[in-house]
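A short write-up of the structure that comes next.
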Amino acid sequence: MRTPENIERVREAFERSPCRSAIRHTTTHGITPRSVQRILHNDLPYHPYKIQIIQVLNTRDYGARVRFCQEMLDLISEDEDLVNNIWVSDEAHFHVSGFVNKQNFRYWSQANPQALHKKPLHSQKVTVCCAMSALGIIRPYFFENEAGNAVTVNVDHYVEILQNFFTPQLAHFPANENTLFQQDGATSHTARMSMSAVNALFPNRVVSRNGDIPCPPTPPT
């Protein structure tokens, strides 16, 4: 079945419809699934790639991204060492009950086992914050209350981490009056009280929405 004619047929079919499944292509062209798989992997060779999910960009976001990149390039051209003096912070959520991506799980069996993964409607999770730069990494901070229970990140909790955790951690690294601090545009980060706390640590050097260096909602990475 792996004749030059069939290889060319498979190539043309996948070039026309690259998102169509291999099984549907086999039924259309009368080639066995095993032969199609061998043609795809060995003769073309093609590989299955998963679609990537990204945040949609609005029309105004494109100009904002260009302006942000240009401003950062201008700053770096004035001070080449600036790339080594940028603290970047972010948060991640870890689901306590386990987060299962069904695309990464397979169950090999002669018959469909009808395997199910049950998850609660509102899954418990822990939010962890971390900051890094060329200078080093500030260890993760877990958003918890006094009882050790996970809490939602709000303005009060974010200000608390800046004042009681981030500030003492910064003392372990060399101080530089030109160091920038970048944060995402979450409401808890860009509220007036939060921005006041951030500016106290990095006056006139905050890269953020509502910051000294405006960062677009979907910054280029």
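Going by the structure tokens order, chains are called A, B, ..., each with residues numbered from 1, while ligands are numbered from 1 in the order shown.
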
Residue neighbourhood segment 95-97 of chain A, 7 Å, only C-alpha atoms, exclusion window fewer than 2 positions, as a PyMOL selection string
chain A and resi 93+99+123-126

Kindly save the residues from that selection, with N, CA and C atoms included, as a short mmCIF file (atom, residue, chain, number, x, y, z; two decimals), in the first residue's frame.
```cif
data_model
loop_
_atom_site.label_atom_id
_atom_site.label_comp_id
_atom_site.auth_asym_id
_atom_site.auth_seq_id
_atom_site.Cartn_x
_atom_site.Cartn_y
_atom_site.Cartn_z
N HIS A 93 -1.40 28.28 39.75
CA HIS A 93 -2.39 27.58 40.56
C HIS A 93 -2.12 26.08 40.50
N PHE A 99 -5.02 17.89 38.58
CA PHE A 99 -5.53 18.44 37.33
C PHE A 99 -5.16 17.47 36.22
N SER A 123 -12.82 23.03 42.25
CA SER A 123 -11.64 22.32 42.71
C SER A 123 -10.80 23.17 43.64
N GLN A 124 -10.38 22.59 44.76
CA GLN A 124 -9.50 23.29 45.68
C GLN A 124 -8.12 23.45 45.04
N LYS A 125 -7.53 24.59 45.26
CA LYS A 125 -6.23 24.86 44.65
C LYS A 125 -5.39 25.73 45.57
N VAL A 126 -4.10 25.70 45.31
CA VAL A 126 -3.14 26.51 46.05
C VAL A 126 -2.48 27.46 45.06
#
```

Using only C-alpha atoms, which protein or nucleic acid residues come within 9 Å of Ala64 of chain A? Drop anything in the same chain fewer than 6 positions from it, and give the result as a compact mmCIF listing (two decimals) with C-alpha atoms, in the first residue's frame.
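Once everything was written out, this is result-v5.txt:
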```txt
# COMPACT_ATOMS: atom_id res chain seq x y z
CA PRO A 214 2.93 50.55 30.56
CA CYS A 215 2.72 46.85 29.84
CA PRO A 216 0.00 45.70 27.41
CA PRO A 217 -2.62 43.23 28.65
CA PRO A 219 2.65 41.32 26.55
```

Rank nothing, just name the residue among A:Asn84, A:Gln182, A:Asn210, A:Asn154 nearest to Met195 of chain A, using only C-alpha atoms.
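The answer is A:Asn210, which sits nearest to Met195 of chain A.
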
Would you mind telling me which residue in A:Thr152, A:Asn164, A:Asn204, A:Ser89 lies nearest to Ser188 of chain A when using only C-alpha atoms?
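Of A:Thr152, A:Asn164, A:Asn204, A:Ser89, the one nearest Ser188 of chain A, counting only C-alpha atoms, is A:Thr152.
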
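Taking atom CA of Val151 of chain A and atom CA of Val88 of chain A as the two end points, the separation is 22.4 Å.
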
Considering only C-alpha atoms, state which residue in the set A:Ala92, A:Ala111, A:Val83, A:Leu116 is at the smallest distance from Cys129 of chain A.
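Counting only C-alpha atoms, the residue closest to Cys129 of chain A is A:Ala92.
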